Every structure is written in structure tokens, then in C-alpha cells.
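**Q** Let me give you the structure first, and then I'll get to my questions.
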Amino acid sequence: MQVFDALGRESWTFSVGDAIEHLLVDGAGDLWAGHFDENPLGIRRWSATGQLRWAYDHVPGIAWISDCYALNVSGSVAWACPYTDFPLLEIRSGRVTVRTNTVRGAKAVAVHGGRVAFFGGYREDADRLALGDLTGTTVEPAGVSVLTLPDGTPLGHRRTVGRGSRIYVRVEPFTEWGVFDLSG
């Protein structure tokens, strides 16, 4: 990781590992890394100076994180949906709340109040938008729809990121972002 100052000069570097699927900054300026490809590091949080602040360790109720499919960082809270069982993890002040979840393969997640939205999935669910209600221990399904381009055609190749209540989707030729906002 390279950190640059306001004038674009490199200030320092540090390693956050390899196989990084998600790299997001929280409200305190800390860096969250979600790893893929069976990387045993799973999910970690670093200070801007490279100090490891939080790392996934065994959490009762979830299997080993072998791939962080979706990661959302908003304020000081991170939300993740890791492979293989796809629970929704809420990481707040270093403590993890685990909610069971039936949505598989989502590539982005958005959270607002007691609601959650998952975007993406496997094969025919690639353009799926699944909504859910949060309970203390589960995500209760609340509806499913499909995101399309304005003319009704499938999205095709895209990039996605979840931030707070929003899921940003950018389709080829990657010139602008579309936004789904769970808050309104």
C-alpha cells in the first residue's frame, strides 16, 4: 500500500497482503481489506500508517472466511458477506455480529437502518437485487428484483461497490456509475 500526501508525494508504504478483492477507507481514515482466493487473512483493518487494528479471527457461528465476496464500510462500521456460508457480518468496534443469510454470491451489500440490499449472485442471479430485513441473528428475505440497463437489457460486465446505503454499479465501457440507494 502506498500513502501519498496532499501534494502527491509518497509518504510511506506498507503491505496489506495479496489477493485483495475490496479496499475501502472508513470515516477514521482506516483501511479495510477484503481478501479473495482462499486467502486465510479474510478481512482486516489497518491504520493509515500501516498498523494492523483488527483482523478476522475465528468467530463463533461462521466458517473460515475463504473469500470476502462483498464488503461495505460506512462510518466506523464494516459489513461483509463472506464465502462459504455467506452470513452477513457486522463489524463494529472490533466486535462481530453474525446474521444468517440465504442470499448466495452477492458482490455488493448496502445497509440502512434495519434493511439490507445484496446485489449480484451466481449465473442467472448475476443482476439480482435481493432485499432483506435485519433481525438480531438473521437476514429475513423481503423481496427480489433484477437490475437492468434503462432499455431493459441485462447489465453485462460491471464493477460494483457498496458504501453505506448505496450500491454503485458501473457497466462497460465503465464511463459512469449507476446508484441504487436503500435509504430512499
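Order determines the names: the first chain of the C-alpha cells is A, the second B, and so forth; residues in each chain are numbered 1 upward, and ligands are numbered 1 upward as they are shown.
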So that each row is one residue of range 99-146 of chain A with an atom at most 9 Å from range 81-85 of chain A, can you give its shortest atom pair and the distance in Å to one decimal, using only C-alpha atoms, rows by chain and rising number, as a tab-separated table?
**A**
residue	atom	partner	partner_atom	distance
A:Thr100	CA	A:Asp85	CA	8.3
A:Asn101	CA	A:Asp85	CA	8.1
A:Thr102	CA	A:Asp85	CA	8.7
A:Arg104	CA	A:Asp85	CA	7.9
A:Gly105	CA	A:Tyr83	CA	7.6
A:Ala106	CA	A:Cys81	CA	7.5
A:Lys107	CA	A:Cys81	CA	8.4
A:Ala108	CA	A:Cys81	CA	8.4
A:Val109	CA	A:Cys81	CA	7.7
**Q** Atoms to include: N, CA, C and O atoms. Write the selected residues as an mmCIF file, in the first residue's frame.
**A**
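Just written: out-v5.cif:
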data_model
loop_
_atom_site.group_PDB
_atom_site.id
_atom_site.type_symbol
_atom_site.label_atom_id
_atom_site.label_comp_id
_atom_site.auth_asym_id
_atom_site.auth_seq_id
_atom_site.Cartn_x
_atom_site.Cartn_y
_atom_site.Cartn_z
ATOM 1 N N THR A 100 -27.378 -15.008 9.933
ATOM 2 C CA THR A 100 -27.517 -15.994 8.862
ATOM 3 C C THR A 100 -28.241 -15.338 7.697
ATOM 4 O O THR A 100 -29.048 -14.423 7.876
ATOM 5 N N ASN A 101 -27.949 -15.836 6.500
ATOM 6 C CA ASN A 101 -28.406 -15.190 5.282
ATOM 7 C C ASN A 101 -28.599 -16.250 4.199
ATOM 8 O O ASN A 101 -27.758 -17.133 4.059
ATOM 9 N N THR A 102 -29.679 -16.161 3.437
ATOM 10 C CA THR A 102 -29.932 -17.132 2.371
ATOM 11 C C THR A 102 -29.455 -16.671 1.003
ATOM 12 O O THR A 102 -29.476 -17.444 0.049
ATOM 13 N N ARG A 104 -26.873 -16.017 -1.770
ATOM 14 C CA ARG A 104 -25.564 -16.578 -2.090
ATOM 15 C C ARG A 104 -24.903 -15.803 -3.226
ATOM 16 O O ARG A 104 -25.542 -15.460 -4.205
ATOM 17 N N GLY A 105 -23.620 -15.529 -3.068
ATOM 18 C CA GLY A 105 -22.814 -14.992 -4.156
ATOM 19 C C GLY A 105 -22.922 -13.504 -4.418
ATOM 20 O O GLY A 105 -22.428 -13.031 -5.441
ATOM 21 N N ALA A 106 -23.528 -12.721 -3.531
ATOM 22 C CA ALA A 106 -23.655 -11.280 -3.757
ATOM 23 C C ALA A 106 -22.278 -10.625 -3.824
ATOM 24 O O ALA A 106 -21.391 -10.946 -3.042
ATOM 25 N N LYS A 107 -22.124 -9.676 -4.743
ATOM 26 C CA LYS A 107 -20.854 -8.968 -4.921
ATOM 27 C C LYS A 107 -20.836 -7.602 -4.243
ATOM 28 O O LYS A 107 -19.792 -6.972 -4.146
ATOM 29 N N ALA A 108 -22.007 -7.115 -3.804
ATOM 30 C CA ALA A 108 -22.080 -5.830 -3.106
ATOM 31 C C ALA A 108 -23.211 -5.893 -2.095
ATOM 32 O O ALA A 108 -24.210 -6.598 -2.299
ATOM 33 N N VAL A 109 -23.055 -5.131 -1.012
ATOM 34 C CA VAL A 109 -24.067 -5.076 0.039
ATOM 35 C C VAL A 109 -24.230 -3.623 0.479
ATOM 36 O O VAL A 109 -23.260 -2.868 0.508
#
**Q** List every residue of range 62-124 of chain A that has an atom at most 8 Å from any atom of range 134-150 of chain A, giving for each one its closest atom pair and the distance in Å to one decimal, counting only C-alpha atoms, sorted by chain and then by ascending residue number, as JSON lines.
**A**
{"residue": "A:Leu88", "atom": "CA", "partner": "A:Val139", "partner_atom": "CA", "distance": 7.6}
{"residue": "A:Thr97", "atom": "CA", "partner": "A:Thr137", "partner_atom": "CA", "distance": 7.8}
{"residue": "A:Val98", "atom": "CA", "partner": "A:Thr137", "partner_atom": "CA", "distance": 6.3}
{"residue": "A:Arg99", "atom": "CA", "partner": "A:Thr138", "partner_atom": "CA", "distance": 4.2}
{"residue": "A:Thr100", "atom": "CA", "partner": "A:Thr138", "partner_atom": "CA", "distance": 4.6}
{"residue": "A:Asn101", "atom": "CA", "partner": "A:Val139", "partner_atom": "CA", "distance": 5.2}
{"residue": "A:Thr102", "atom": "CA", "partner": "A:Val139", "partner_atom": "CA", "distance": 7.7}
{"residue": "A:Gly114", "atom": "CA", "partner": "A:Leu134", "partner_atom": "CA", "distance": 5.1}
{"residue": "A:Arg115", "atom": "CA", "partner": "A:Leu134", "partner_atom": "CA", "distance": 5.8}
{"residue": "A:Val116", "atom": "CA", "partner": "A:Leu134", "partner_atom": "CA", "distance": 7.0}
**Q** For the atom pair CA of Val179 in chain A and CA of Glu90 in chain A, what is the interatomic distance in Å to one decimal place?
**A**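 According to the coordinates, CA of Val179 in chain A and CA of Glu90 in chain A are separated by 22.4 Å.
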**Q** List the spatial neighbours of range 43-49 of chain A as number ranges by chain - criterion: any atom at most 6 Å away, only C-alpha atoms, same-chain residues fewer than 4 positions off excluded.
**A** A: 30-34, 53-56
**Q** So how many Å separate CA of Val3 in chain A and CA of Ala28 in chain A, to one decimal?
**A**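 Taking CA of Val3 in chain A as the start and CA of Ala28 in chain A as the end point, the length is 15.2 Å.
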**Q** Write out as a CSV table (one decimal) with N, CA and C atoms, in the first residue's frame each polymer residue whose atoms come within 10 Å of range 160-166 of chain A, counting only C-alpha atoms; drop sequence neighbours fewer than 4 positions from it.
**A**
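Dumped everything to around.csv:
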chain,number,residue,atom,x,y,z
A,22,HIS,N,-11.5,-6.2,-2.1
A,22,HIS,CA,-12.1,-5.0,-1.7
A,22,HIS,C,-11.0,-4.2,-0.9
A,23,LEU,N,-11.0,-2.9,-1.1
A,23,LEU,CA,-10.1,-2.0,-0.4
A,23,LEU,C,-10.9,-0.7,-0.2
A,24,LEU,N,-11.4,-0.5,1.1
A,24,LEU,CA,-12.2,0.7,1.4
A,24,LEU,C,-11.7,1.4,2.6
A,26,ASP,N,-12.6,3.9,6.0
A,26,ASP,CA,-13.7,4.2,6.8
A,26,ASP,C,-13.6,5.7,7.2
A,70,ALA,N,-18.4,-9.6,-0.6
A,70,ALA,CA,-19.0,-8.2,-0.5
A,70,ALA,C,-18.5,-7.6,0.8
A,71,LEU,N,-18.1,-6.3,0.7
A,71,LEU,CA,-17.6,-5.5,1.8
A,71,LEU,C,-18.2,-4.1,1.7
A,72,ASN,N,-18.7,-3.6,2.7
A,72,ASN,CA,-19.2,-2.2,2.8
A,72,ASN,C,-18.7,-1.6,4.1
A,73,VAL,N,-18.1,-0.4,3.9
A,73,VAL,CA,-17.6,0.3,5.1
A,73,VAL,C,-18.3,1.7,5.1
A,74,SER,N,-18.9,2.0,6.3
A,74,SER,CA,-19.7,3.2,6.4
A,74,SER,C,-19.4,3.8,7.8
A,75,GLY,N,-18.9,4.9,7.9
A,75,GLY,CA,-18.5,5.5,9.2
A,75,GLY,C,-17.4,4.6,9.8
A,77,VAL,N,-18.3,1.4,10.8
A,77,VAL,CA,-18.8,0.0,10.8
A,77,VAL,C,-18.5,-0.6,9.4
A,78,ALA,N,-18.2,-1.9,9.4
A,78,ALA,CA,-18.0,-2.6,8.2
A,78,ALA,C,-19.0,-3.7,8.2
A,79,TRP,N,-19.5,-4.0,7.0
A,79,TRP,CA,-20.4,-5.1,6.7
A,79,TRP,C,-19.8,-6.0,5.7
A,107,LYS,N,-22.1,-9.7,-4.7
A,107,LYS,CA,-20.9,-9.0,-4.9
A,107,LYS,C,-20.8,-7.6,-4.2
A,108,ALA,N,-22.0,-7.1,-3.8
A,108,ALA,CA,-22.1,-5.8,-3.1
A,108,ALA,C,-23.2,-5.9,-2.1
A,109,VAL,N,-23.1,-5.1,-1.0
A,109,VAL,CA,-24.1,-5.1,0.0
A,109,VAL,C,-24.2,-3.6,0.5
A,110,ALA,N,-25.5,-3.2,0.8
A,110,ALA,CA,-25.8,-1.9,1.3
A,110,ALA,C,-26.7,-2.1,2.5
A,111,VAL,N,-26.5,-1.2,3.5
A,111,VAL,CA,-27.3,-1.3,4.8
A,111,VAL,C,-27.8,0.0,5.1
A,112,HIS,N,-29.1,0.1,5.6
A,112,HIS,CA,-29.7,1.3,6.1
A,112,HIS,C,-30.7,1.0,7.1
A,113,GLY,N,-30.5,1.5,8.3
A,113,GLY,CA,-31.5,1.1,9.4
A,113,GLY,C,-31.5,-0.4,9.6
A,115,ARG,N,-32.6,-2.4,7.2
A,115,ARG,CA,-32.7,-3.1,5.9
A,115,ARG,C,-31.4,-3.3,5.3
A,116,VAL,N,-31.3,-4.3,4.4
A,116,VAL,CA,-30.1,-4.7,3.7
A,116,VAL,C,-30.4,-5.0,2.3
A,117,ALA,N,-29.5,-4.6,1.4
A,117,ALA,CA,-29.7,-5.0,-0.1
A,117,ALA,C,-28.4,-5.7,-0.5
A,118,PHE,N,-28.6,-6.8,-1.2
A,118,PHE,CA,-27.5,-7.6,-1.8
A,118,PHE,C,-27.6,-7.5,-3.3
A,119,PHE,N,-26.5,-7.2,-4.0
A,119,PHE,CA,-26.5,-7.2,-5.4
A,119,PHE,C,-25.6,-8.2,-6.0
A,120,GLY,N,-26.1,-9.0,-7.0
A,120,GLY,CA,-25.3,-10.0,-7.7
A,120,GLY,C,-25.6,-11.4,-7.2
A,170,ARG,N,-21.2,0.1,-12.1
A,170,ARG,CA,-20.5,0.7,-13.3
A,170,ARG,C,-20.4,-0.4,-14.4
A,171,VAL,N,-21.1,-0.2,-15.5
A,171,VAL,CA,-21.1,-1.2,-16.6
A,171,VAL,C,-20.1,-0.7,-17.7
A,177,TRP,N,-21.2,5.8,-13.2
A,177,TRP,CA,-21.7,4.9,-12.2
A,177,TRP,C,-23.3,5.1,-12.1
A,178,GLY,N,-24.0,4.0,-12.0
A,178,GLY,CA,-25.4,4.0,-11.6
A,178,GLY,C,-25.5,3.7,-10.1
A,179,VAL,N,-26.5,4.2,-9.4
A,179,VAL,CA,-26.6,4.1,-8.0
A,179,VAL,C,-27.9,3.5,-7.6
A,180,PHE,N,-27.9,2.5,-6.7
A,180,PHE,CA,-29.1,2.1,-6.0
A,180,PHE,C,-29.0,2.5,-4.6
A,181,ASP,N,-29.9,3.3,-4.1
A,181,ASP,CA,-29.9,3.8,-2.7
A,181,ASP,C,-31.0,3.2,-1.9
A,182,LEU,N,-30.6,2.4,-0.9
A,182,LEU,CA,-31.5,1.7,0.0
A,182,LEU,C,-32.3,2.7,0.9
A,183,SER,N,-31.7,3.9,1.1
A,183,SER,CA,-32.3,4.8,2.1
A,183,SER,C,-33.5,5.6,1.5
A,184,GLY,N,-33.7,5.5,0.2
A,184,GLY,CA,-34.8,6.2,-0.4
A,184,GLY,C,-35.0,6.1,-1.8
**Q** Would you give me, as a count of residues only, the residues in range 9-164 of chain A that DSSP reads as strand (DSSP E or B)?
**A** 81
**Q** Might you pull out every residue within 9 Å of Glu38 in chain A, with only C-alpha atoms counted and same-chain residues fewer than 4 positions away left off, and present them as an mmCIF file with N, CA, C and O atoms, in the first residue's frame?
**A**
data_model
loop_
_atom_site.group_PDB
_atom_site.id
_atom_site.type_symbol
_atom_site.label_atom_id
_atom_site.label_comp_id
_atom_site.auth_asym_id
_atom_site.auth_seq_id
_atom_site.Cartn_x
_atom_site.Cartn_y
_atom_site.Cartn_z
ATOM 1 N N ALA A 19 -4.108 -10.916 -2.962
ATOM 2 C CA ALA A 19 -5.463 -11.409 -3.247
ATOM 3 C C ALA A 19 -6.523 -10.485 -2.634
ATOM 4 O O ALA A 19 -7.402 -10.912 -1.906
ATOM 5 N N GLY A 42 -8.696 -13.209 5.152
ATOM 6 C CA GLY A 42 -10.117 -12.889 5.190
ATOM 7 C C GLY A 42 -10.421 -11.415 5.120
ATOM 8 O O GLY A 42 -10.510 -10.828 4.055
ATOM 9 N N ILE A 65 -13.345 -17.742 6.734
ATOM 10 C CA ILE A 65 -13.569 -16.838 5.608
ATOM 11 C C ILE A 65 -12.529 -17.155 4.549
ATOM 12 O O ILE A 65 -11.347 -16.864 4.724
ATOM 13 N N SER A 66 -12.970 -17.752 3.448
ATOM 14 C CA SER A 66 -12.025 -18.069 2.391
ATOM 15 C C SER A 66 -12.117 -17.079 1.239
ATOM 16 O O SER A 66 -11.277 -17.099 0.352
ATOM 17 N N ASP A 67 -13.124 -16.201 1.245
ATOM 18 C CA ASP A 67 -13.284 -15.215 0.189
ATOM 19 C C ASP A 67 -14.285 -14.173 0.667
ATOM 20 O O ASP A 67 -15.403 -14.514 1.039
#
**Q** Between CA of Gly121 in chain A and CA of Thr153 in chain A, what is the distance, to one decimal in Å?
**A**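 CA of Thr153 in chain A lies 17.3 Å from CA of Gly121 in chain A.
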**Q** Just want the 10 Å neighbourhood of Ser76 in chain A, counted on only C-alpha atoms, with same-chain residues fewer than 4 positions away dropped. Output as a count of residues only.
**A** 10
